[in-house]
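Raw contents of upload_33.cif, mmCIF, C-alpha atoms:
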data_protein
loop_
_atom_site.group_PDB
_atom_site.id
_atom_site.type_symbol
_atom_site.label_atom_id
_atom_site.label_comp_id
_atom_site.auth_asym_id
_atom_site.auth_seq_id
_atom_site.Cartn_x
_atom_site.Cartn_y
_atom_site.Cartn_z
ATOM 1 C CA MET A 280 163.060 57.034 79.736
ATOM 2 C CA ILE A 281 165.908 57.171 77.181
ATOM 3 C CA LYS A 282 164.156 54.525 75.091
ATOM 4 C CA LYS A 283 160.934 56.529 75.141
ATOM 5 C CA LEU A 284 162.675 59.720 74.064
ATOM 6 C CA ALA A 285 164.553 57.915 71.294
ATOM 7 C CA ALA A 286 161.283 56.429 70.052
ATOM 8 C CA GLU A 287 159.578 59.844 70.040
ATOM 9 C CA PHE A 288 162.523 61.369 68.171
ATOM 10 C CA ILE A 289 162.542 58.657 65.505
ATOM 11 C CA GLY A 290 158.771 58.580 65.202
ATOM 12 C CA THR A 291 158.399 62.337 64.754
ATOM 13 C CA PHE A 292 161.367 62.357 62.373
ATOM 14 C CA THR A 293 159.583 59.744 60.256
ATOM 15 C CA LEU A 294 156.249 61.569 60.333
ATOM 16 C CA VAL A 295 157.791 64.809 59.065
ATOM 17 C CA LEU A 296 160.032 63.124 56.496
ATOM 18 C CA PHE A 297 157.233 61.046 54.977
ATOM 19 C CA GLY A 298 154.327 63.453 55.433
ATOM 20 C CA CYS A 299 156.016 66.692 54.414
ATOM 21 C CA GLY A 300 158.121 64.701 51.973
ATOM 22 C CA ALA A 301 155.008 63.606 50.126
ATOM 23 C CA ALA A 302 154.016 67.258 49.724
ATOM 24 C CA VAL A 303 157.479 68.456 48.660
ATOM 25 C CA LEU A 304 158.753 65.561 46.549
ATOM 26 C CA ALA A 305 155.491 64.402 44.982
ATOM 27 C CA GLY A 306 153.027 67.192 45.700
ATOM 28 C CA PHE A 307 149.699 68.060 44.184
ATOM 29 C CA GLY A 308 150.833 67.438 40.619
ATOM 30 C CA ILE A 309 151.713 63.772 41.217
ATOM 31 C CA ILE A 310 149.877 62.242 44.163
ATOM 32 C CA GLY A 311 147.407 65.043 44.911
ATOM 33 C CA GLN A 312 145.866 66.131 48.191
ATOM 34 C CA GLU A 313 144.588 62.639 48.974
ATOM 35 C CA GLY A 314 148.030 61.152 48.467
ATOM 36 C CA ILE A 315 149.595 63.631 50.868
ATOM 37 C CA ALA A 316 146.853 62.892 53.407
ATOM 38 C CA TRP A 317 147.533 59.162 53.195
ATOM 39 C CA ALA A 318 151.276 59.701 53.592
ATOM 40 C CA PHE A 319 150.729 61.444 56.931
ATOM 41 C CA GLY A 320 148.186 58.875 58.082
ATOM 42 C CA LEU A 321 150.211 55.825 57.074
ATOM 43 C CA ALA A 322 153.314 57.238 58.744
ATOM 44 C CA ILE A 323 151.340 57.472 61.986
ATOM 45 C CA VAL A 324 150.019 53.915 61.603
ATOM 46 C CA ALA A 325 153.520 52.566 60.953
ATOM 47 C CA MET A 326 154.998 54.326 63.965
ATOM 48 C CA ALA A 327 152.060 53.448 66.215
ATOM 49 C CA TYR A 328 152.679 49.749 65.647
ATOM 50 C CA GLY A 329 156.451 50.092 65.347
ATOM 51 C CA ILE A 330 157.243 52.103 68.483
ATOM 52 C CA GLY A 331 153.897 52.393 70.255
ATOM 53 C CA SER A 332 154.880 49.770 72.819
ATOM 54 C CA VAL A 333 157.944 51.847 73.743
ATOM 55 C CA SER A 334 156.648 55.402 74.086
ATOM 56 C CA GLY A 335 152.997 55.317 73.089
ATOM 57 C CA ALA A 336 153.960 56.989 69.782
ATOM 58 C CA HIS A 337 152.691 60.464 70.608
ATOM 59 C CA LEU A 338 154.930 62.096 67.945
ATOM 60 C CA ASN A 339 153.198 65.378 68.695
ATOM 61 C CA PRO A 340 153.519 67.876 71.582
ATOM 62 C CA ALA A 341 149.755 68.475 71.451
ATOM 63 C CA VAL A 342 149.076 64.770 71.961
ATOM 64 C CA SER A 343 151.432 64.664 74.946
ATOM 65 C CA PHE A 344 149.709 67.794 76.295
ATOM 66 C CA GLY A 345 146.357 66.069 75.918
ATOM 67 C CA PHE A 346 147.622 63.038 77.857
ATOM 68 C CA TRP A 347 148.957 65.368 80.551
ATOM 69 C CA ALA A 348 145.666 67.296 80.740
ATOM 70 C CA SER A 349 143.747 64.039 81.070
ATOM 71 C CA GLY A 350 145.939 62.958 83.970
ATOM 72 C CA ARG A 351 147.666 60.180 82.074
ATOM 73 C CA MET A 352 151.159 61.730 81.847
ATOM 74 C CA SER A 353 153.508 63.483 84.267
ATOM 75 C CA THR A 354 154.823 66.982 83.677
ATOM 76 C CA THR A 355 158.420 65.737 83.590
ATOM 77 C CA ASP A 356 157.687 63.078 80.991
ATOM 78 C CA MET A 357 155.731 65.560 78.885
ATOM 79 C CA GLY A 358 158.653 67.986 78.840
ATOM 80 C CA GLY A 359 161.026 65.252 77.722
ATOM 81 C CA TYR A 360 158.631 64.147 74.990
ATOM 82 C CA TRP A 361 158.311 67.731 73.732
ATOM 83 C CA ILE A 362 162.075 68.090 73.355
ATOM 84 C CA ALA A 363 162.454 64.748 71.561
ATOM 85 C CA GLN A 364 159.512 65.455 69.251
ATOM 86 C CA CYS A 365 160.709 68.921 68.269
ATOM 87 C CA LEU A 366 164.260 67.733 67.628
ATOM 88 C CA GLY A 367 162.966 64.819 65.556
ATOM 89 C CA ALA A 368 160.823 67.162 63.462
ATOM 90 C CA ILE A 369 163.691 69.589 62.854
ATOM 91 C CA VAL A 370 166.084 66.829 61.816
ATOM 92 C CA GLY A 371 163.397 65.202 59.638
ATOM 93 C CA ALA A 372 162.753 68.478 57.834
ATOM 94 C CA GLY A 373 166.504 69.013 57.464
ATOM 95 C CA ILE A 374 166.965 65.606 55.835
ATOM 96 C CA LEU A 375 164.012 66.361 53.554
ATOM 97 C CA LEU A 376 165.695 69.609 52.523
ATOM 98 C CA VAL A 377 168.905 67.738 51.639
ATOM 99 C CA ILE A 378 166.959 65.254 49.520
ATOM 100 C CA ALA A 379 164.782 67.880 47.803
ATOM 101 C CA SER A 380 167.814 70.034 47.033
ATOM 102 C CA GLY A 381 169.121 67.225 44.831
ATOM 103 C CA SER A 382 166.591 68.230 42.167
ATOM 104 C CA PRO A 383 167.412 71.171 39.882
ATOM 105 C CA ASP A 384 163.722 72.108 39.963
ATOM 106 C CA TYR A 385 163.688 72.626 43.720
ATOM 107 C CA ALA A 386 164.279 75.942 45.489
ATOM 108 C CA LEU A 387 163.641 76.359 49.204
ATOM 109 C CA ALA A 388 162.487 79.965 48.795
ATOM 110 C CA THR A 389 159.658 79.041 46.424
ATOM 111 C CA SER A 390 158.984 75.340 47.014
ATOM 112 C CA GLY A 391 159.226 75.330 50.797
ATOM 113 C CA LEU A 392 159.211 72.237 53.004
ATOM 114 C CA GLY A 393 155.500 71.681 53.510
ATOM 115 C CA GLN A 394 155.242 74.430 56.110
ATOM 116 C CA ASN A 395 151.894 75.539 57.491
ATOM 117 C CA GLY A 396 150.415 78.981 56.970
ATOM 118 C CA TYR A 397 147.383 81.241 57.120
ATOM 119 C CA GLY A 398 146.070 84.162 55.090
ATOM 120 C CA LEU A 399 146.665 85.063 51.471
ATOM 121 C CA ARG A 400 149.038 82.719 49.659
ATOM 122 C CA LEU A 401 152.306 84.518 48.869
ATOM 123 C CA PRO A 402 154.657 83.986 45.889
ATOM 124 C CA SER A 403 157.067 82.356 48.342
ATOM 125 C CA GLY A 404 154.465 79.684 49.011
ATOM 126 C CA GLN A 405 153.764 80.855 52.550
ATOM 127 C CA GLY A 406 150.171 81.300 53.663
ATOM 128 C CA SER A 407 147.006 79.245 53.431
ATOM 129 C CA PRO A 408 146.944 76.989 50.342
ATOM 130 C CA GLY A 409 143.335 78.075 49.801
ATOM 131 C CA ASP A 410 143.795 81.689 50.991
ATOM 132 C CA TYR A 411 141.820 81.084 54.191
ATOM 133 C CA ALA A 412 141.873 83.910 56.750
ATOM 134 C CA LEU A 413 143.506 83.697 60.183
ATOM 135 C CA ILE A 414 140.273 83.096 62.110
ATOM 136 C CA ALA A 415 139.181 80.258 59.838
ATOM 137 C CA CYS A 416 142.616 78.653 60.120
ATOM 138 C CA ALA A 417 142.638 79.002 63.908
ATOM 139 C CA VAL A 418 139.180 77.450 64.252
ATOM 140 C CA PHE A 419 140.123 74.552 61.992
ATOM 141 C CA GLU A 420 143.327 73.804 63.920
ATOM 142 C CA VAL A 421 141.617 73.911 67.319
ATOM 143 C CA VAL A 422 138.689 71.716 66.250
ATOM 144 C CA ALA A 423 140.773 69.257 64.221
ATOM 145 C CA THR A 424 143.270 68.832 67.049
ATOM 146 C CA PHE A 425 140.469 68.331 69.558
ATOM 147 C CA ILE A 426 139.033 65.540 67.402
ATOM 148 C CA PHE A 427 142.447 63.987 66.767
ATOM 149 C CA VAL A 428 143.480 63.954 70.430
ATOM 150 C CA ALA A 429 140.041 62.752 71.526
ATOM 151 C CA VAL A 430 140.344 59.776 69.160
ATOM 152 C CA ILE A 431 143.821 59.020 70.526
ATOM 153 C CA LEU A 432 142.768 59.246 74.165
ATOM 154 C CA GLY A 433 139.629 57.232 73.533
ATOM 155 C CA SER A 434 141.164 54.491 71.409
ATOM 156 C CA THR A 435 144.079 53.957 73.808
ATOM 157 C CA GLN A 436 142.151 53.976 77.093
ATOM 158 C CA LYS A 437 141.647 50.191 76.926
ATOM 159 C CA GLY A 438 144.749 49.377 74.913
ATOM 160 C CA SER A 439 142.906 48.394 71.728
ATOM 161 C CA GLU A 440 145.049 46.615 69.127
ATOM 162 C CA PHE A 441 143.324 48.729 66.464
ATOM 163 C CA ALA A 442 144.163 52.079 68.102
ATOM 164 C CA GLY A 443 146.988 52.804 65.648
ATOM 165 C CA LEU A 444 144.706 52.228 62.681
ATOM 166 C CA ALA A 445 141.961 54.452 64.087
ATOM 167 C CA ILE A 446 144.453 57.237 64.824
ATOM 168 C CA GLY A 447 146.054 57.042 61.381
ATOM 169 C CA LEU A 448 142.728 57.075 59.561
ATOM 170 C CA THR A 449 141.598 60.076 61.603
ATOM 171 C CA LEU A 450 144.721 61.948 60.533
ATOM 172 C CA VAL A 451 144.026 61.042 56.899
ATOM 173 C CA ALA A 452 140.499 62.461 57.158
ATOM 174 C CA ILE A 453 141.763 65.640 58.824
ATOM 175 C CA HIS A 454 144.265 66.194 56.021
ATOM 176 C CA ILE A 455 141.749 65.545 53.256
ATOM 177 C CA VAL A 456 139.499 68.217 54.758
ATOM 178 C CA GLY A 457 142.124 70.683 55.919
ATOM 179 C CA ILE A 458 145.106 70.772 53.561
ATOM 180 C CA GLN A 459 143.587 73.673 51.639
ATOM 181 C CA VAL A 460 142.976 75.555 54.890
ATOM 182 C CA THR A 461 146.344 75.500 56.669
ATOM 183 C CA GLY A 462 148.275 72.637 55.124
ATOM 184 C CA VAL A 463 147.237 70.903 58.399
ATOM 185 C CA SER A 464 149.320 71.104 61.521
ATOM 186 C CA VAL A 465 147.441 69.647 64.532
ATOM 187 C CA ASN A 466 151.044 69.117 65.668
ATOM 188 C CA PRO A 467 153.383 71.923 66.805
ATOM 189 C CA ALA A 468 156.498 69.820 66.148
ATOM 190 C CA ARG A 469 155.405 69.037 62.576
ATOM 191 C CA SER A 470 155.013 72.806 62.016
ATOM 192 C CA LEU A 471 158.261 73.728 63.768
ATOM 193 C CA GLY A 472 160.449 71.385 61.728
ATOM 194 C CA PRO A 473 159.911 72.969 58.286
ATOM 195 C CA ALA A 474 159.633 76.519 59.696
ATOM 196 C CA VAL A 475 163.116 76.353 61.230
ATOM 197 C CA TRP A 476 164.614 75.753 57.772
ATOM 198 C CA VAL A 477 162.304 77.947 55.683
ATOM 199 C CA LEU A 478 162.458 80.911 58.124
ATOM 200 C CA GLY A 479 160.782 84.206 57.087
ATOM 201 C CA ASP A 480 156.992 84.139 57.124
ATOM 202 C CA ALA A 481 156.950 80.431 57.930
ATOM 203 C CA LEU A 482 158.618 81.161 61.263
ATOM 204 C CA GLY A 483 156.553 84.318 61.759
ATOM 205 C CA GLN A 484 153.278 82.391 61.428
ATOM 206 C CA LEU A 485 154.427 79.457 63.563
ATOM 207 C CA TRP A 486 152.744 80.850 66.690
ATOM 208 C CA LEU A 487 149.309 79.844 65.422
ATOM 209 C CA PHE A 488 150.381 76.263 64.827
ATOM 210 C CA VAL A 489 151.674 76.011 68.354
ATOM 211 C CA ALA A 490 148.825 77.810 70.128
ATOM 212 C CA ALA A 491 145.785 76.397 68.287
ATOM 213 C CA PRO A 492 146.728 72.692 68.517
ATOM 214 C CA MET A 493 147.583 73.120 72.196
ATOM 215 C CA VAL A 494 144.159 74.641 72.872
ATOM 216 C CA GLY A 495 142.432 71.799 71.055
ATOM 217 C CA ALA A 496 144.499 69.208 72.919
ATOM 218 C CA LEU A 497 143.802 70.854 76.277
ATOM 219 C CA LEU A 498 140.058 70.760 75.635
ATOM 220 C CA ALA A 499 140.230 67.093 74.643
ATOM 221 C CA GLY A 500 142.292 66.237 77.698
ATOM 222 C CA TRP A 501 139.840 68.013 79.983
ATOM 223 C CA THR A 502 136.880 66.088 78.553
ATOM 224 C CA PHE A 503 138.594 62.818 79.445
ATOM 225 C CA ARG A 504 139.718 64.062 82.846
ATOM 226 C CA ALA A 505 136.087 64.985 83.541
ATOM 227 C CA LYS A 506 135.132 61.505 82.260
ATOM 228 C CA LEU A 507 132.783 62.957 79.649
ATOM 229 C CA LEU A 508 134.261 60.667 76.991
ATOM 230 C CA THR A 509 135.488 57.842 79.202
ATOM 231 C CA SER A 510 133.954 54.395 79.008
ATOM 232 C CA ASP A 511 131.730 53.552 81.980
ATOM 233 C CA ASP A 512 133.719 50.382 82.729
ATOM 234 C CA ILE A 513 136.996 52.310 83.119
ATOM 235 C CA SER A 514 137.682 53.723 86.574
#

How does the structure come out when it is put into structure tokens?
Amino acid sequence: MIKKLAAEFIGTFTLVLFGCGAAVLAGFGIIGQEGIAWAFGLAIVAMAYGIGSVSGAHLNPAVSFGFWASGRMSTTDMGGYWIAQCLGAIVGAGILLVIASGSPDYALATSGLGQNGYGLRLPSGQGSPGDYALIACAVFEVVATFIFVAVILGSTQKGSEFAGLAIGLTLVAIHIVGIQVTGVSVNPARSLGPAVWVLGDALGQLWLFVAAPMVGALLAGWTFRAKLLTSDDIS
């Protein structure tokens, strides 16, 4: 179990460092929304093939919740994964802050760490990048997480060698569509990491990016537990 937890810590650390790092260090002015989307997706692909054989490379409490809801993970293992994922995200965001702070043009209060948000965009950078209201942001996060977890559960049910690629590309598509809505969470740990360091409104709005992805993951897990999306040749 120690190996699995270490893998989840390192994998989530990498996802936050590379994904949020692309937004903070390169951002819209250099690589654009598509570049940020690819950074998140490629980080998932790399970790899926790098540590997937150790822990399954969940890197996301919502994904672990989806596996639990589908009957493919124990409650004890899920709890351990959650702790490792959240710690990895916090440390990843902390390292990103150290790196970003090396630039004289960077200020945490105004530049942030790629945190998620909803509602009117504030001068501090908190809020929805496109000024989307709470309801719209909640709907996006639930639906996007449902799709993401469904792809993960479906592509891994037979151990496909292309599962990591399918999962990474799905995350790219979700980010291309949703960055202007919430900055894209679909991952409570990814949202927690930056919020812990940014504090203020980032921490105050964190509840949505825990609750909505968990709802989406639960719905996806239930569909597989009910065998609505399970292949006929899998018992």

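When the PyMOL selection byres ((chain A and resi 417) around 10) is evaluated on the file shown here, the picked residues come out as Tyr397, Tyr411, Ala412, Leu413, Ile414, Ala415, Cys416, Val418, Phe419, Glu420, Val421, Val422, Ala423, Val460, Thr461, Leu487, Phe488, Ala490, Ala491 and Pro492 of chain A.
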
Write out as a PyMOL selection string the residues lying within 8 Å of Leu485 (chain A), counting all atoms listed in the file and excluding same-chain residues fewer than 6 positions away. chain A and resi 395-396+470-471+474

Let me know the residues the PyMOL selection byres ((chain A and resi 477) around 9) catches in the file above, as a PyMOL selection string. chain A and resi 387-388+391-392+394+473-476+478-482

Could you save the residues just selected, with C-alpha atoms, as a PDB file, in the frame of the given file?
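Generated file (part-v3.pdb):
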ATOM      1  CA  LEU A 387     163.641  76.359  49.204  1.00  0.00           C
ATOM      2  CA  ALA A 388     162.487  79.965  48.795  1.00  0.00           C
ATOM      3  CA  GLY A 391     159.226  75.330  50.797  1.00  0.00           C
ATOM      4  CA  LEU A 392     159.211  72.237  53.004  1.00  0.00           C
ATOM      5  CA  GLN A 394     155.242  74.430  56.110  1.00  0.00           C
ATOM      6  CA  PRO A 473     159.911  72.969  58.286  1.00  0.00           C
ATOM      7  CA  ALA A 474     159.633  76.519  59.696  1.00  0.00           C
ATOM      8  CA  VAL A 475     163.116  76.353  61.230  1.00  0.00           C
ATOM      9  CA  TRP A 476     164.614  75.753  57.772  1.00  0.00           C
ATOM     10  CA  LEU A 478     162.458  80.911  58.124  1.00  0.00           C
ATOM     11  CA  GLY A 479     160.782  84.206  57.087  1.00  0.00           C
ATOM     12  CA  ASP A 480     156.992  84.139  57.124  1.00  0.00           C
ATOM     13  CA  ALA A 481     156.950  80.431  57.930  1.00  0.00           C
ATOM     14  CA  LEU A 482     158.618  81.161  61.263  1.00  0.00           C
TER      15      LEU A 482
END

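Residues matched by the PyMOL selection byres ((chain A and resi 328) around 12) in this file: Ala286, Gly290, Leu321, Ala322, Ile323, Val324, Ala325, Met326, Ala327, Gly329, Ile330, Gly331, Ser332, Val333, Ser334, Gly335, Ala336, His337, Ser439, Glu440, Phe441, Ala442, Gly443, Leu444, Ala445, Ile446 and Gly447 of chain A.
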
For a quick check of understanding, using all atoms listed in the file, which of A:Gly483, A:Pro467, A:Gly462, A:Pro340 has the smallest distance to Gln312 (chain A)? A:Gly462

Would you kindly return, as a PDB file with C-alpha atoms, keeping the file's coordinate frame, each protein, DNA or RNA residue with an atom no farther than 6 Å from any atom of Asp410 (chain A), considering all atoms listed in the file and excluding same-chain residues fewer than 6 positions away?
ATOM      1  CA  GLY A 398     146.070  84.162  55.090  1.00  0.00           C
ATOM      2  CA  LEU A 399     146.665  85.063  51.471  1.00  0.00           C
ATOM      3  CA  ARG A 400     149.038  82.719  49.659  1.00  0.00           C
TER       4      ARG A 400
END

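Going from CA of Met357 (chain A) to CA of Gly320 (chain A) covers 23.1 Å.
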
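One distance worth recording is that between CA of Val465 (chain A) and CA of Ser380 (chain A), which is 26.9 Å.
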
Of A:Ala372, A:Cys365, A:Leu498, A:Leu450, the one nearest to Phe297 (chain A) when counting all atoms listed in the file is A:Ala372

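The space between CA of Gly345 (chain A) and CA of Leu366 (chain A) spans 19.8 Å.
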
Please provide as a PyMOL selection string all residues within 8 Å of Gln459 (chain A), with the sequence filter that same-chain residues fewer than 5 positions apart are discarded (counting only C-alpha atoms). chain A and resi 407-409

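When all atoms listed in the file are used to compute distances to Ser434 (chain A), the closest of the residues A:Gly358, A:Met280, A:Trp486, A:Thr449 turns out to be A:Thr449.
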
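Ranking A:Ala316, A:Ile378, A:Ile362, A:Val370 by their shortest atom-to-atom distance to Ile458 (chain A), with only C-alpha atoms included, puts A:Ala316 first.
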
Which residues, written as a count of residues only, have at least one atom at most 8 Å from Ala368 (chain A), with all atoms listed in the file counted and residues fewer than 4 positions away on the same chain left out? 12

Please produce region 473-484 of chain A, completed to all heavy atoms, as a CSV table (one decimal), keeping the file's coordinate frame.
chain,number,residue,atom,x,y,z
A,473,PRO,N,159.7,72.2,59.5
A,473,PRO,CA,159.9,73.0,58.3
A,473,PRO,C,160.2,74.5,58.5
A,473,PRO,O,161.0,75.0,57.8
A,473,PRO,CB,158.6,72.8,57.5
A,473,PRO,CG,158.0,71.5,58.1
A,473,PRO,CD,158.4,71.5,59.6
A,474,ALA,N,159.5,75.1,59.5
A,474,ALA,CA,159.6,76.5,59.7
A,474,ALA,C,161.1,76.9,60.1
A,474,ALA,O,161.5,78.0,59.7
A,474,ALA,CB,158.7,77.0,60.8
A,475,VAL,N,161.7,76.1,60.8
A,475,VAL,CA,163.1,76.4,61.2
A,475,VAL,C,164.0,76.5,60.0
A,475,VAL,O,165.0,77.3,60.0
A,475,VAL,CB,163.6,75.2,62.2
A,475,VAL,CG1,165.2,75.3,62.3
A,475,VAL,CG2,163.0,75.4,63.6
A,476,TRP,N,163.8,75.7,59.0
A,476,TRP,CA,164.6,75.8,57.8
A,476,TRP,C,164.1,76.8,56.8
A,476,TRP,O,165.0,77.4,56.1
A,476,TRP,CB,164.7,74.4,57.1
A,476,TRP,CG,165.2,73.3,58.0
A,476,TRP,CD1,164.5,72.4,58.8
A,476,TRP,CD2,166.6,73.1,58.3
A,476,TRP,NE1,165.4,71.6,59.5
A,476,TRP,CE2,166.7,72.0,59.2
A,476,TRP,CE3,167.8,73.7,57.9
A,476,TRP,CZ2,167.9,71.5,59.7
A,476,TRP,CZ3,169.0,73.2,58.4
A,476,TRP,CH2,169.0,72.1,59.3
A,477,VAL,N,162.8,77.0,56.7
A,477,VAL,CA,162.3,77.9,55.7
A,477,VAL,C,162.5,79.4,56.2
A,477,VAL,O,162.7,80.3,55.4
A,477,VAL,CB,160.8,77.7,55.4
A,477,VAL,CG1,160.2,78.7,54.5
A,477,VAL,CG2,160.7,76.3,54.8
A,478,LEU,N,162.3,79.6,57.5
A,478,LEU,CA,162.5,80.9,58.1
A,478,LEU,C,161.4,81.9,57.6
A,478,LEU,O,160.4,81.5,57.1
A,478,LEU,CB,163.9,81.4,57.9
A,478,LEU,CG,165.0,80.6,58.6
A,478,LEU,CD1,166.4,81.2,58.2
A,478,LEU,CD2,164.8,80.5,60.1
A,479,GLY,N,161.7,83.2,57.6
A,479,GLY,CA,160.8,84.2,57.1
A,479,GLY,C,159.4,84.1,57.6
A,479,GLY,O,159.2,83.9,58.8
A,480,ASP,N,158.4,84.2,56.7
A,480,ASP,CA,157.0,84.1,57.1
A,480,ASP,C,156.6,82.8,57.7
A,480,ASP,O,155.7,82.7,58.6
A,480,ASP,CB,156.1,84.4,55.9
A,480,ASP,CG,156.2,85.9,55.4
A,480,ASP,OD1,156.3,86.8,56.3
A,480,ASP,OD2,156.2,86.1,54.2
A,481,ALA,N,157.3,81.7,57.4
A,481,ALA,CA,157.0,80.4,57.9
A,481,ALA,C,157.2,80.4,59.4
A,481,ALA,O,156.4,79.9,60.2
A,481,ALA,CB,157.8,79.3,57.3
A,482,LEU,N,158.3,81.1,59.8
A,482,LEU,CA,158.6,81.2,61.3
A,482,LEU,C,157.7,82.2,61.9
A,482,LEU,O,157.3,82.0,63.1
A,482,LEU,CB,160.1,81.5,61.4
A,482,LEU,CG,160.8,81.2,62.7
A,482,LEU,CD1,160.6,79.7,63.0
A,482,LEU,CD2,162.2,81.6,62.7
A,483,GLY,N,157.4,83.3,61.2
A,483,GLY,CA,156.6,84.3,61.8
A,483,GLY,C,155.1,83.9,62.0
A,483,GLY,O,154.5,84.4,62.9
A,484,GLN,N,154.6,82.9,61.2
A,484,GLN,CA,153.3,82.4,61.4
A,484,GLN,C,153.2,81.1,62.3
A,484,GLN,O,152.1,80.6,62.6
A,484,GLN,CB,152.6,82.1,60.1
A,484,GLN,CG,152.4,83.3,59.2
A,484,GLN,CD,151.6,83.0,58.0
A,484,GLN,OE1,151.3,81.9,57.6
A,484,GLN,NE2,151.1,84.1,57.3
